[in-house]
Amino acid sequence: MQSSNLDDIFDSAVNLEEKHSDEGFKDGFADGLAIGKQEGREVGLKHGFEVGEELGFYKGCVDVWTSVIHVNSDSFSARVQNNIKHMKELIDKYPVVDPENENVQEIMEALRLKFRAITATLGVKLDYQGYPKSTDVKETEF
């Protein structure tokens, strides 16, 4: 009878440890899930901003070039005008509202290539630098 009581005490101690371990795992998992969602949201927001900024840069260039063509249709060769038209189509085709679309990388790469082709043909040194990082900005003294 005494060994049975001793076994019960050890069983309850082992069960208590397992119970606390399971509860700790569940609590940690729930906390990690919440933190992971928040971090994912922040990374997604940052990446979305960067993509939007780059698309806006390319759209601005296309708008300027298109305005120049409207003012003087002979200002660019037919090849450059065709590349500008294709670049505008790529911008319009970019799935802004569907970031999980499988074509986003392909379209962005095509945009970058088309932009480089146009600037190289025009002999213009124009690069998208992206949003300046704090280390890139020179400190200004007043």
# chains A, B, ... in the order shown; residues from 1 in each chain; ligands from 1

$ select_by_dssp --residues "range 12-113 of chain A" --states "alpha helix (DSSP H)" --output "ChimeraX atom specification"
/A:12-71,78-93,104-113

$ write_last_selection --atoms "C-alpha atoms" --output "short mmCIF file (atom, residue, chain, number, x, y, z; two decimals), in the first residue's frame"
data_model
loop_
_atom_site.label_atom_id
_atom_site.label_comp_id
_atom_site.auth_asym_id
_atom_site.auth_seq_id
_atom_site.Cartn_x
_atom_site.Cartn_y
_atom_site.Cartn_z
CA SER A 12 0.92 13.62 -9.96
CA ALA A 13 4.28 15.45 -9.93
CA VAL A 14 5.06 14.21 -13.47
CA ASN A 15 1.55 15.10 -14.65
CA LEU A 16 1.87 18.56 -13.09
CA GLU A 17 5.13 19.15 -14.95
CA GLU A 18 3.59 18.01 -18.26
CA LYS A 19 0.52 20.18 -17.65
CA HIS A 20 2.66 23.28 -17.01
CA SER A 21 4.86 22.47 -19.99
CA ASP A 22 1.82 22.16 -22.27
CA GLU A 23 0.31 25.40 -20.94
CA GLY A 24 3.63 27.20 -21.37
CA PHE A 25 3.92 25.95 -24.94
CA LYS A 26 0.38 27.07 -25.79
CA ASP A 27 0.93 30.51 -24.23
CA GLY A 28 4.29 30.93 -25.98
CA PHE A 29 2.84 29.82 -29.30
CA ALA A 30 -0.05 32.28 -29.03
CA ASP A 31 2.30 35.13 -28.09
CA GLY A 32 4.71 34.23 -30.91
CA LEU A 33 1.84 34.13 -33.39
CA ALA A 34 0.66 37.60 -32.36
CA ILE A 35 4.18 39.06 -32.53
CA GLY A 36 4.81 37.33 -35.86
CA LYS A 37 1.67 38.82 -37.36
CA GLN A 38 2.65 42.31 -36.20
CA GLU A 39 6.19 41.96 -37.56
CA GLY A 40 4.81 40.58 -40.83
CA ARG A 41 2.46 43.54 -41.12
CA GLU A 42 5.34 45.98 -40.55
CA VAL A 43 7.58 44.26 -43.11
CA GLY A 44 4.72 44.13 -45.61
CA LEU A 45 3.98 47.81 -45.13
CA LYS A 46 7.64 48.74 -45.65
CA HIS A 47 7.96 46.55 -48.73
CA GLY A 48 4.68 47.85 -50.16
CA PHE A 49 5.87 51.42 -49.69
CA GLU A 50 9.16 50.67 -51.47
CA VAL A 51 7.37 49.02 -54.40
CA GLY A 52 4.89 51.89 -54.65
CA GLU A 53 7.71 54.41 -54.58
CA GLU A 54 9.58 52.64 -57.38
CA LEU A 55 6.42 52.30 -59.48
CA GLY A 56 5.72 56.00 -58.92
CA PHE A 57 9.22 56.90 -60.06
CA TYR A 58 8.80 54.93 -63.30
CA LYS A 59 5.31 56.36 -63.85
CA GLY A 60 6.67 59.88 -63.38
CA CYS A 61 9.37 59.25 -65.98
CA VAL A 62 6.84 57.79 -68.42
CA ASP A 63 4.53 60.78 -67.87
CA VAL A 64 7.34 63.25 -68.58
CA TRP A 65 8.49 61.37 -71.67
CA THR A 66 4.89 61.09 -72.93
CA SER A 67 4.41 64.84 -72.44
CA VAL A 68 7.56 65.50 -74.46
CA ILE A 69 6.22 63.27 -77.24
CA HIS A 70 2.91 65.19 -77.25
CA VAL A 71 4.76 68.50 -77.56
CA ALA A 78 10.03 55.34 -82.91
CA ARG A 79 11.92 52.66 -80.99
CA VAL A 80 12.12 54.79 -77.83
CA GLN A 81 8.46 55.79 -78.17
CA ASN A 82 7.52 52.12 -78.47
CA ASN A 83 9.58 51.28 -75.36
CA ILE A 84 7.89 54.11 -73.44
CA LYS A 85 4.49 52.75 -74.52
CA HIS A 86 5.45 49.24 -73.35
CA MET A 87 6.73 50.62 -70.07
CA LYS A 88 3.39 52.38 -69.49
CA GLU A 89 1.56 49.12 -70.23
CA LEU A 90 3.74 47.28 -67.69
CA ILE A 91 3.00 49.92 -65.04
CA ASP A 92 -0.73 49.67 -65.76
CA LYS A 93 -0.52 45.87 -65.63
CA VAL A 104 4.82 40.91 -59.58
CA GLN A 105 8.51 40.01 -59.78
CA GLU A 106 8.40 39.41 -63.54
CA ILE A 107 6.63 42.71 -64.19
CA MET A 108 9.01 44.66 -61.94
CA GLU A 109 12.05 43.12 -63.62
CA ALA A 110 10.59 43.89 -67.05
CA LEU A 111 9.98 47.49 -65.94
CA ARG A 112 13.56 47.85 -64.73
CA LEU A 113 14.93 46.43 -67.97
#
